[in-house]
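Source file: structure_2.csv (CSV, C-alpha atoms and all ligand atoms)
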```csv
chain,number,residue,atom,x,y,z
A,4,MET,CA,121.6,143.8,76.4
A,5,GLY,CA,119.5,143.6,79.6
A,6,GLU,CA,121.5,143.6,82.9
A,7,GLU,CA,120.4,140.0,83.7
A,8,ILE,CA,121.3,138.5,80.4
A,9,LYS,CA,124.6,140.4,80.5
A,10,ASN,CA,125.4,139.0,83.9
A,11,LEU,CA,124.5,135.5,82.7
A,12,ASP,CA,126.7,135.9,79.6
A,13,ASP,CA,129.7,136.9,81.8
A,14,LEU,CA,129.1,133.7,83.9
A,15,ILE,CA,128.9,131.5,80.8
A,16,TRP,CA,132.2,132.7,79.4
A,17,ALA,CA,134.2,133.5,82.6
A,18,TYR,CA,136.5,130.4,82.1
A,19,ARG,CA,138.0,132.0,79.0
A,20,LEU,CA,139.5,134.8,81.1
A,21,SER,CA,140.9,132.5,83.7
A,22,ARG,CA,142.5,130.4,81.0
A,23,VAL,CA,144.2,133.3,79.2
A,24,LEU,CA,145.6,134.5,82.6
A,25,GLN,CA,146.8,131.0,83.4
A,26,VAL,CA,148.5,130.5,80.0
A,27,ALA,CA,150.1,133.9,79.9
A,28,ASN,CA,151.4,133.3,83.4
A,29,GLY,CA,152.6,129.8,82.5
A,30,LEU,CA,154.5,131.1,79.4
A,31,GLY,CA,156.3,133.6,81.6
A,32,VAL,CA,154.9,136.7,79.7
A,33,PHE,CA,154.7,138.9,82.7
A,34,GLU,CA,158.2,138.0,84.0
A,35,LEU,CA,159.5,138.7,80.5
A,36,LEU,CA,157.9,142.1,80.3
A,37,SER,CA,158.6,143.2,83.9
A,38,THR,CA,161.6,145.3,82.8
A,39,ARG,CA,161.2,145.9,79.1
A,40,ARG,CA,158.9,146.4,76.2
A,41,LEU,CA,159.1,143.7,73.5
A,42,ASP,CA,157.5,143.0,70.2
A,43,LEU,CA,155.7,139.8,69.2
A,44,ALA,CA,158.8,138.1,67.6
A,45,ALA,CA,160.9,138.7,70.7
A,46,ILE,CA,158.2,137.4,73.0
A,47,CYS,CA,157.8,134.3,71.0
A,48,GLN,CA,161.5,133.7,70.9
A,49,SER,CA,161.8,134.0,74.7
A,50,CYS,CA,158.6,132.0,75.5
A,51,LYS,CA,159.3,129.4,72.7
A,52,SER,CA,155.7,129.9,71.5
A,53,LYS,CA,154.0,130.0,68.1
A,54,PRO,CA,153.5,133.6,66.7
A,55,ASP,CA,149.8,133.4,65.6
A,56,LEU,CA,148.3,132.1,68.8
A,57,THR,CA,150.8,134.1,71.0
A,58,GLU,CA,149.6,137.3,69.3
A,59,ARG,CA,146.0,136.4,70.0
A,60,LEU,CA,146.8,135.7,73.6
A,61,LEU,CA,148.7,139.0,74.0
A,62,ILE,CA,145.9,141.0,72.4
A,63,THR,CA,143.5,139.5,75.0
A,64,CYS,CA,145.9,140.3,77.8
A,65,VAL,CA,145.9,143.9,76.6
A,66,ALA,CA,142.1,143.9,76.5
A,67,MET,CA,142.1,142.5,80.0
A,68,GLY,CA,144.2,145.3,81.3
A,69,LEU,CA,147.2,143.1,82.1
A,70,LEU,CA,149.4,144.3,79.3
A,71,GLY,CA,149.7,147.6,77.3
A,72,LYS,CA,150.7,147.9,73.7
A,73,GLU,CA,152.3,150.8,71.9
A,74,GLN,CA,154.0,150.8,68.5
A,75,ARG,CA,153.8,147.1,68.2
A,76,ARG,CA,155.6,146.5,71.5
A,77,TYR,CA,153.9,145.0,74.6
A,78,PHE,CA,154.6,145.9,78.2
A,79,ASN,CA,153.2,145.1,81.7
A,80,THR,CA,150.6,147.4,83.1
A,81,ASP,CA,151.0,148.5,86.7
A,82,LEU,CA,148.6,145.7,87.7
A,83,ALA,CA,150.9,143.1,86.2
A,84,ASN,CA,154.0,144.6,87.6
A,85,LYS,CA,152.5,144.7,91.1
A,86,TYR,CA,151.0,141.2,91.2
A,87,LEU,CA,152.3,139.0,88.4
A,88,THR,CA,156.1,139.4,88.6
A,89,ARG,CA,158.2,137.4,90.9
A,90,GLY,CA,159.8,139.1,93.8
A,91,GLN,CA,156.9,141.5,94.4
A,92,LYS,CA,155.5,141.5,97.9
A,93,LEU,CA,152.0,140.8,96.6
A,94,TYR,CA,153.0,138.3,93.9
A,95,GLN,CA,150.1,136.0,92.8
A,96,GLY,CA,151.8,134.0,90.1
A,97,ASN,CA,152.0,130.8,92.2
A,98,MET,CA,148.3,130.9,92.8
A,99,ILE,CA,147.6,131.4,89.1
A,100,ALA,CA,149.9,128.4,88.4
A,101,HIS,CA,148.1,126.4,91.0
A,102,SER,CA,144.7,127.2,89.5
A,103,ALA,CA,146.1,125.9,86.2
A,104,THR,CA,147.3,122.7,87.8
A,105,ILE,CA,143.8,121.9,89.1
A,106,TRP,CA,142.0,123.0,86.0
A,107,HIS,CA,141.5,119.4,84.9
A,108,PHE,CA,139.2,118.8,87.9
A,109,TRP,CA,136.9,121.5,86.8
A,110,ASP,CA,137.1,120.4,83.2
A,111,LYS,CA,136.0,116.9,84.2
A,112,LEU,CA,133.5,117.9,86.9
A,113,GLU,CA,130.4,116.8,84.9
A,114,ASP,CA,131.9,113.3,84.4
A,115,GLU,CA,132.7,113.1,88.1
A,116,ILE,CA,129.3,114.2,89.3
A,117,ARG,CA,127.2,111.9,87.1
A,118,GLU,CA,126.6,108.3,88.2
A,119,VAL,CA,127.0,107.3,84.6
A,120,LYS,CA,129.2,109.2,82.2
A,121,LYS,CA,127.3,111.0,79.5
A,122,GLU,CA,127.9,109.6,76.0
A,123,ALA,CA,129.5,112.0,73.6
A,124,SER,CA,126.9,113.2,71.0
A,125,PRO,CA,128.3,115.2,68.1
A,126,ALA,CA,124.7,115.7,66.8
A,127,GLU,CA,123.6,117.2,70.2
A,128,ASP,CA,126.7,119.3,70.3
A,129,HIS,CA,126.0,120.7,66.8
A,130,ARG,CA,122.4,121.4,67.7
A,131,ASN,CA,123.5,123.3,70.8
A,132,PHE,CA,126.0,125.3,68.7
A,133,ILE,CA,123.3,126.2,66.1
A,134,MET,CA,120.6,127.0,68.6
A,135,ALA,CA,123.1,129.1,70.6
A,136,MET,CA,123.0,131.4,67.6
A,137,GLU,CA,119.3,131.8,68.0
A,138,ASN,CA,119.8,132.4,71.8
A,139,ILE,CA,122.3,135.2,71.2
A,140,THR,CA,120.3,136.8,68.5
A,141,LEU,CA,117.0,136.8,70.5
A,142,GLY,CA,119.1,138.0,73.5
A,143,GLY,CA,119.5,141.4,71.7
A,144,ARG,CA,121.5,141.3,68.5
A,145,GLY,CA,118.4,140.7,66.5
A,146,LYS,CA,116.9,144.0,67.6
A,147,LEU,CA,120.2,145.7,66.7
A,148,PHE,CA,119.9,144.2,63.2
A,149,LEU,CA,116.2,145.3,62.7
A,150,ASP,CA,116.9,148.8,64.1
A,151,ASN,CA,119.9,149.5,61.9
A,152,ILE,CA,119.6,147.5,58.6
A,153,ASP,CA,117.0,148.8,56.2
A,154,LEU,CA,115.8,146.2,53.8
A,155,SER,CA,112.8,148.1,52.5
A,156,GLY,CA,112.1,147.3,48.9
A,157,ARG,CA,114.5,144.4,48.8
A,158,LYS,CA,113.1,141.2,47.3
A,159,LYS,CA,115.6,138.4,47.6
A,160,MET,CA,118.1,137.8,50.4
A,161,PHE,CA,120.7,135.0,50.5
A,162,ASP,CA,121.6,134.2,54.1
A,163,VAL,CA,125.1,132.6,54.0
A,164,GLY,CA,125.8,130.1,56.8
A,165,ALA,CA,122.4,131.0,58.2
A,166,GLY,CA,122.5,128.6,61.1
A,167,PRO,CA,119.0,128.5,62.7
A,168,ALA,CA,117.8,131.1,60.2
A,169,THR,CA,117.0,133.6,62.9
A,170,TYR,CA,118.0,136.7,60.8
A,171,SER,CA,116.0,135.5,57.9
A,172,VAL,CA,113.0,134.9,60.2
A,173,LEU,CA,113.3,138.4,61.7
A,174,ALA,CA,113.8,140.1,58.3
A,175,CYS,CA,110.9,138.2,56.6
A,176,LYS,CA,108.6,139.1,59.5
A,177,ARG,CA,109.6,142.8,59.3
A,178,TYR,CA,109.5,142.9,55.4
A,179,PRO,CA,106.6,140.8,54.1
A,180,GLU,CA,107.7,141.3,50.5
A,181,LEU,CA,111.1,139.9,51.2
A,182,LYS,CA,112.0,136.2,50.3
A,183,SER,CA,115.1,134.7,51.9
A,184,VAL,CA,117.2,131.7,50.8
A,185,VAL,CA,118.9,130.1,53.8
A,186,PHE,CA,122.2,128.5,52.8
A,187,ASP,CA,124.1,126.2,55.1
A,188,LEU,CA,125.6,122.7,55.5
A,189,PRO,CA,123.0,119.8,55.4
A,190,GLU,CA,123.2,119.1,59.2
A,191,THR,CA,122.4,122.7,59.9
A,192,ILE,CA,119.7,123.0,57.3
A,193,ALA,CA,117.9,120.2,59.1
A,194,ILE,CA,117.7,122.4,62.1
A,195,ALA,CA,116.8,125.6,60.1
A,196,LYS,CA,113.9,123.7,58.5
A,197,GLU,CA,112.4,123.1,62.0
A,198,VAL,CA,112.7,126.8,62.9
A,199,ILE,CA,111.1,127.9,59.6
A,200,LEU,CA,108.2,125.5,60.2
A,201,ARG,CA,107.9,126.6,63.8
A,202,GLU,CA,107.7,130.3,62.6
A,203,ASN,CA,105.3,129.4,59.8
A,204,LEU,CA,107.5,131.1,57.2
A,205,LYS,CA,107.7,128.3,54.5
A,206,ASP,CA,106.3,130.7,51.9
A,207,GLN,CA,109.0,133.3,52.5
A,208,ILE,CA,112.1,131.3,53.4
A,209,THR,CA,113.5,128.5,51.3
A,210,VAL,CA,116.6,126.4,52.1
A,211,VAL,CA,119.6,125.4,50.1
A,212,GLU,CA,122.0,122.7,51.4
A,213,GLY,CA,125.6,123.6,50.3
A,214,ASN,CA,129.1,124.4,51.2
A,215,TRP,CA,130.6,127.9,50.7
A,216,ASP,CA,134.0,126.3,49.7
A,217,THR,CA,132.5,124.5,46.7
A,218,ASP,CA,129.1,126.1,45.9
A,219,ASP,CA,128.2,129.5,44.5
A,220,PHE,CA,125.6,131.8,46.0
A,221,GLY,CA,123.1,131.6,43.1
A,222,CYS,CA,122.1,134.7,41.1
A,223,GLY,CA,119.6,137.5,41.2
A,224,ASN,CA,120.1,138.3,44.9
A,225,ASP,CA,119.6,141.8,46.0
A,226,VAL,CA,120.9,141.2,49.6
A,227,VAL,CA,123.6,138.8,50.8
A,228,LEU,CA,123.8,138.4,54.5
A,229,PHE,CA,126.9,137.2,56.3
A,230,SER,CA,126.2,137.0,60.0
A,231,ASN,CA,129.2,135.7,62.0
A,232,VAL,CA,130.6,133.8,59.1
A,233,LEU,CA,133.4,136.0,57.9
A,234,HIS,CA,136.1,135.1,60.4
A,235,GLY,CA,138.3,132.6,58.6
A,236,GLY,CA,141.5,133.7,57.0
A,237,GLU,CA,141.8,136.5,54.4
A,238,ASN,CA,141.7,134.2,51.4
A,239,GLU,CA,138.6,132.4,52.6
A,240,THR,CA,136.9,135.7,53.4
A,241,ALA,CA,137.8,137.1,50.0
A,242,MET,CA,136.4,134.0,48.3
A,243,LYS,CA,133.1,134.4,50.1
A,244,LEU,CA,132.9,138.1,49.4
A,245,LYS,CA,133.6,137.4,45.7
A,246,LYS,CA,130.8,134.8,45.6
A,247,ALA,CA,128.4,137.3,47.1
A,248,TYR,CA,129.4,140.0,44.6
A,249,ASP,CA,128.9,137.6,41.7
A,250,SER,CA,125.5,136.6,42.9
A,251,LEU,CA,124.1,140.1,43.5
A,252,ILE,CA,122.2,142.3,41.0
A,253,PRO,CA,123.6,145.8,40.4
A,254,GLY,CA,122.6,147.9,43.4
A,255,GLY,CA,122.6,144.8,45.6
A,256,LEU,CA,123.6,145.0,49.2
A,257,ILE,CA,125.9,143.0,51.4
A,258,VAL,CA,125.2,143.1,55.1
A,259,ILE,CA,127.8,141.7,57.6
A,260,GLN,CA,127.8,141.1,61.3
A,261,GLU,CA,131.1,140.2,63.0
A,262,PHE,CA,133.2,140.3,66.1
A,263,LEU,CA,135.9,142.8,65.1
A,264,LEU,CA,139.0,144.1,66.8
A,265,ASN,CA,140.0,147.8,66.9
A,266,GLU,CA,142.6,149.1,64.5
A,267,ASN,CA,145.5,148.9,66.9
A,268,LYS,CA,144.4,145.3,68.0
A,269,THR,CA,144.2,146.1,71.7
A,270,GLY,CA,140.5,144.9,72.1
A,271,PRO,CA,137.6,145.0,72.7
A,272,LEU,CA,137.7,142.1,75.1
A,273,ILE,CA,135.0,139.9,73.7
A,274,PRO,CA,136.3,140.0,70.1
A,275,ALA,CA,139.8,139.5,71.5
A,276,LEU,CA,138.6,136.3,73.3
A,277,PHE,CA,136.8,135.2,70.1
A,278,ASN,CA,140.0,135.8,68.2
A,279,VAL,CA,142.0,133.4,70.4
A,280,MET,CA,139.8,130.5,69.3
A,281,VAL,CA,138.4,131.4,65.9
A,282,GLY,CA,140.3,134.4,64.6
A,283,ALA,CA,138.9,138.0,64.1
A,284,PHE,CA,139.7,140.8,61.7
A,285,SER,CA,140.1,144.4,62.7
A,286,VAL,CA,137.5,146.8,61.4
A,287,GLU,CA,140.0,148.2,58.9
A,288,GLU,CA,141.1,144.8,57.6
A,289,LEU,CA,137.5,143.7,56.9
A,290,LYS,CA,136.6,147.0,55.3
A,291,ARG,CA,139.7,146.6,53.0
A,292,LEU,CA,138.6,143.1,52.0
A,293,ILE,CA,135.1,144.3,51.2
A,294,LYS,CA,136.4,147.0,49.0
A,295,GLU,CA,138.9,144.6,47.3
A,296,ALA,CA,135.9,142.4,46.4
A,297,GLY,CA,134.5,145.3,44.4
A,298,PHE,CA,131.9,146.8,46.8
A,299,THR,CA,131.5,150.5,47.3
A,300,ASN,CA,129.8,152.7,49.9
A,301,VAL,CA,131.1,150.6,52.8
A,302,GLU,CA,129.4,151.8,56.0
A,303,ILE,CA,129.2,150.8,59.6
A,304,PRO,CA,125.5,151.3,60.6
A,305,ALA,CA,125.8,149.8,64.1
A,306,VAL,CA,128.4,149.0,66.7
A,307,SER,CA,127.3,147.5,70.0
A,308,LYS,CA,129.8,147.1,72.8
A,309,ASP,CA,127.1,145.2,74.8
A,310,PHE,CA,126.6,142.6,72.1
A,311,SER,CA,130.2,142.7,70.8
A,312,SER,CA,128.6,143.1,67.4
A,313,THR,CA,129.7,145.3,64.5
A,314,TRP,CA,127.4,145.6,61.5
A,315,LEU,CA,128.7,146.7,58.1
A,316,LYS,CA,127.0,147.1,54.8
A,317,ALA,CA,128.2,147.9,51.2
A,318,LEU,CA,126.8,148.1,47.7
A,319,LYS,CA,127.5,146.5,44.4
A,320,ALA,CA,127.5,149.5,42.1
A,401,LIG,C1,128.6,131.1,63.8
A,401,LIG,S1,127.3,130.3,62.9
A,401,LIG,C2,126.4,131.7,62.3
A,401,LIG,C3,124.9,131.4,62.1
A,401,LIG,C4,124.1,132.6,61.7
A,401,LIG,N1,124.6,133.2,60.5
A,401,LIG,C5,123.9,133.5,62.8
A,401,LIG,O1,124.6,134.6,62.9
A,401,LIG,O2,123.0,133.3,63.7
A,401,LIG,C6,128.2,129.7,61.5
A,401,LIG,C7,127.3,129.0,60.5
A,401,LIG,O3,128.1,128.6,59.3
A,401,LIG,C8,127.8,127.3,58.9
A,401,LIG,N2,128.9,126.8,58.1
A,401,LIG,C9,130.1,126.4,58.6
A,401,LIG,N3,130.9,125.9,57.5
A,401,LIG,C10,130.1,126.1,56.4
A,401,LIG,C11,130.4,125.8,55.0
A,401,LIG,N4,131.5,125.3,54.6
A,401,LIG,N5,129.4,126.1,54.1
A,401,LIG,C12,128.2,126.6,54.6
A,401,LIG,N6,127.9,126.9,55.8
A,401,LIG,C13,128.9,126.6,56.8
A,401,LIG,C14,127.5,126.6,60.2
A,401,LIG,O4,126.7,125.4,59.9
A,401,LIG,C15,126.8,127.7,61.0
A,401,LIG,O5,125.4,127.6,60.8
```
Full structure transcribed into structure tokens:
Amino acid sequence: MGEEIKNLDDLIWAYRLSRVLQVANGLGVFELLSTRRLDLAAICQSCKSKPDLTERLLITCVAMGLLGKEQRRYFNTDLANKYLTRGQKLYQGNMIAHSATIWHFWDKLEDEIREVKKEASPAEDHRNFIMAMENITLGGRGKLFLDNIDLSGRKKMFDVGAGPATYSVLACKRYPELKSVVFDLPETIAIAKEVILRENLKDQITVVEGNWDTDDFGCGNDVVLFSNVLHGGENETAMKLKKAYDSLIPGGLIVIQEFLLNENKTGPLIPALFNVMVGAFSVEELKRLIKEAGFTNVEIPAVSKDFSSTWLKALKA
């Protein structure tokens, strides 16, 4: 990722870090861990918090350098002990609590600044979400895909939850013999159609409106692409992988891009933040699910810290 776009990306998402620090401080995590190492269950019991989200918050605190984690137990880093535990000369917990108290002002700033409050528009929000996927891909992830995923000789790709169809567009331009089927919900397909038209790729890319919960992925595919769509729970992911397997010809390829945590679940930071809101597997968890779906030759052709992107591929024997 270029330096400028990386700096911009940090600015875009800076509020997530503040919020994690505020919430961990508010729950009393750093007080609790000032004198002992505790596991998730003990932390939840003391903080009266829900295990799933608490674990995601703790993982992020580890990735932020506020906590450490060894053998499933969390502890304060020197930084947390010096500044985030009451009684220390340089204690900053009151300031963090204060920043949380006035958070609502910053949340409402746009409403406050406008003469007339902007009407909520779910359609505009959805378009922003979908076109954000094109932004991030063109910002660098697309090059990572083209440089590391070889689709030579492949004829038919099924792009699951394709969003604005950016990966299909890139792949079809690189491999003129490839045809891609873009599969997504109707409201997203409407946007993908505009992109396909804009890119003049109607002959190579077709669209299918559908829902991965209820529809299958067709048949005769020799590539199934899952880019940033395998981050639900294990059952949902296993279901999608099985549909991919069933739709592929022998020798067919699955290609996956995801935000993934490391094996010990201590980071990296961006997947940890993604995990707080959406959920993220560790690399090992996702590899296991891919193998359980019947795939072989599971490989990781690319990992990019800059783009927080891990690419995996596997074959249907
Ligand atoms: C994070 S975006 C990824 C878009 C694209 N694959 C990319 O990486 O640029 C997730 C996509 O999944 C689609 N999606 C969400 N739920 C779906 C469902 N039940 N069936 C099919 N697509 C779905 C969304 O419309 C969206 O386009």
Checklist line | 9 Å shell around ligand LIG 401 (chain A) using only C-alpha atoms and all ligand atoms, listed as a ChimeraX atom specification | finding: /A:129,132-140,162-170,186-192,195,212-218,228-233,260-261
Margin query: Counting only C-alpha atoms, which residue out of A:Asp42, A:Asp114, A:Asp153, A:Asp206 sits closest to Leu256 in chain A?
Written below: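 Closest to Leu256 in chain A of all the choices is A:Asp153.
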Next item on the list: Determine the nearest neighbour of Cys64 in chain A from the options A:Leu263, A:Ala27, A:Val172, A:Leu149, counting only C-alpha atoms.
Entry: A:Ala27
Item checked: 9 Å contact set for Ala317 in chain A, all atoms listed in the file, chain neighbours under 5 positions out, as a list in words -> Gly255, Leu256, Ile257, Val258, Ile259, Ile293, Lys294, Phe298, Thr299, Asn300, Val301, Glu302 and Ile303 of chain A
Let me have the centre and edge lengths in Å, one decimal, of the box along x, y and z around every listed atom of range 147-150 of chain A with 6 Å of margin on each side, as lines of an AutoDock Vina configuration file.
```
center_x = 118.2
center_y = 146.5
center_z = 64.7
size_x = 16.0
size_y = 16.6
size_z = 16.0
```
Next item on the list: Kindly give the distance, in Å, that separates CA of Lys205 in chain A and CA of Val226 in chain A, rounded to a single decimal.
Entry: 19.1 Å
Item checked: Given only C-alpha atoms as the counted atoms, nearest of A:Leu292, A:Leu69, A:Val23, A:Ala320 to Leu56 in chain A -> A:Val23
Next item on the list: Have a look at CA of Arg76 in chain A and CA of Lys268 in chain A and let me know their distance in Å, one decimal.
Entry: 11.8 Å
Counting all atoms listed in the file, what is within 8 Å of Glu266 in chain A, bar same-chain residues fewer than 3 positions away, as a JSON list (two decimals) with C-alpha atoms, in the coordinates of the input?
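As a result, selection_29.json now contains:
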```json
[["chain", "number", "residue", "atom", "x", "y", "z"],
["A", 269, "THR", "CA", 144.20, 146.10, 71.70],
["A", 285, "SER", "CA", 140.10, 144.40, 62.70],
["A", 286, "VAL", "CA", 137.50, 146.80, 61.40],
["A", 287, "GLU", "CA", 140.00, 148.20, 58.90]]
```
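In this comparison, which uses all atoms listed in the file, the residue of A:Met280, A:Ala296, A:Leu181, A:Leu20 approaching Lys319 in chain A most closely is A:Ala296.
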Next item on the list: State, in Å with one decimal place, the distance from CA of Ala283 in chain A to CA of Lys245 in chain A.
Entry: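 Between CA of Ala283 in chain A and CA of Lys245 in chain A the gap is 19.2 Å.
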Checklist line | Selection near Cys47 in chain A, 12 Å with all atoms listed in the file, sequence-local residues under 3 positions removed, as a list in words | finding: Ala27, Leu30, Gly31, Val32, Leu35, Leu41, Asp42, Leu43, Ala44, Cys50, Lys51, Ser52, Lys53, Pro54, Asp55, Leu56, Thr57, Glu58, Leu60, Leu61 and Tyr77 of chain A
Check: Which of these, A:Lys111, A:Lys176, A:Ile194, A:Asn97, has the shortest distance to Ala126 in chain A once you count all atoms listed in the file?
Finding: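 Ranked by minimum distance to Ala126 in chain A, first place goes to A:Ile194.
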Notebook entry, point to check: For Phe220 in chain A, which residue among A:Asp128, A:Asp249, A:Glu113, A:Glu7 is the nearest when counting all atoms listed in the file?
Noted result: A:Asp249
What would range 131-148 of chain A look like with N, CA and C atoms in place, written as an mmCIF file, in the coordinates of the input?
```cif
data_model
loop_
_atom_site.group_PDB
_atom_site.id
_atom_site.type_symbol
_atom_site.label_atom_id
_atom_site.label_comp_id
_atom_site.auth_asym_id
_atom_site.auth_seq_id
_atom_site.Cartn_x
_atom_site.Cartn_y
_atom_site.Cartn_z
ATOM 1 N N ASN A 131 123.305 122.257 69.780
ATOM 2 C CA ASN A 131 123.500 123.300 70.800
ATOM 3 C C ASN A 131 124.240 124.510 70.175
ATOM 4 N N PHE A 132 125.249 124.234 69.347
ATOM 5 C CA PHE A 132 126.000 125.300 68.700
ATOM 6 C C PHE A 132 125.013 126.152 67.825
ATOM 7 N N ILE A 133 124.221 125.470 67.020
ATOM 8 C CA ILE A 133 123.300 126.200 66.100
ATOM 9 C C ILE A 133 122.251 126.952 66.863
ATOM 10 N N MET A 134 121.635 126.314 67.838
ATOM 11 C CA MET A 134 120.600 127.000 68.600
ATOM 12 C C MET A 134 121.135 128.074 69.509
ATOM 13 N N ALA A 135 122.428 127.963 69.848
ATOM 14 C CA ALA A 135 123.100 129.100 70.600
ATOM 15 C C ALA A 135 123.043 130.343 69.779
ATOM 16 N N MET A 136 123.105 130.184 68.459
ATOM 17 C CA MET A 136 123.000 131.400 67.600
ATOM 18 C C MET A 136 121.680 132.036 67.685
ATOM 19 N N GLU A 137 120.635 131.219 67.828
ATOM 20 C CA GLU A 137 119.300 131.800 68.000
ATOM 21 C C GLU A 137 119.252 132.489 69.409
ATOM 22 N N ASN A 138 119.820 131.834 70.421
ATOM 23 C CA ASN A 138 119.800 132.400 71.800
ATOM 24 C C ASN A 138 120.442 133.825 71.748
ATOM 25 N N ILE A 139 121.624 133.932 71.127
ATOM 26 C CA ILE A 139 122.300 135.200 71.200
ATOM 27 C C ILE A 139 121.604 136.286 70.375
ATOM 28 N N THR A 140 120.971 135.858 69.299
ATOM 29 C CA THR A 140 120.300 136.800 68.500
ATOM 30 C C THR A 140 119.010 137.335 69.197
ATOM 31 N N LEU A 141 118.252 136.410 69.751
ATOM 32 C CA LEU A 141 117.000 136.800 70.500
ATOM 33 C C LEU A 141 117.397 137.558 71.760
ATOM 34 N N GLY A 142 118.625 137.329 72.266
ATOM 35 C CA GLY A 142 119.100 138.000 73.500
ATOM 36 C C GLY A 142 119.364 139.503 73.226
ATOM 37 N N GLY A 143 119.311 139.962 71.981
ATOM 38 C CA GLY A 143 119.500 141.400 71.700
ATOM 39 C C GLY A 143 120.052 141.767 70.366
ATOM 40 N N ARG A 144 120.881 140.879 69.780
ATOM 41 C CA ARG A 144 121.500 141.300 68.500
ATOM 42 C C ARG A 144 120.469 141.404 67.385
ATOM 43 N N GLY A 145 119.392 140.649 67.494
ATOM 44 C CA GLY A 145 118.400 140.700 66.500
ATOM 45 C C GLY A 145 117.721 142.085 66.383
ATOM 46 N N LYS A 146 117.504 142.696 67.550
ATOM 47 C CA LYS A 146 116.900 144.000 67.600
ATOM 48 C C LYS A 146 117.894 145.045 66.963
ATOM 49 N N LEU A 147 119.181 144.848 67.242
ATOM 50 C CA LEU A 147 120.200 145.700 66.700
ATOM 51 C C LEU A 147 120.146 145.659 65.130
ATOM 52 N N PHE A 148 119.982 144.448 64.622
ATOM 53 C CA PHE A 148 119.900 144.200 63.200
ATOM 54 C C PHE A 148 118.620 144.946 62.622
#
```
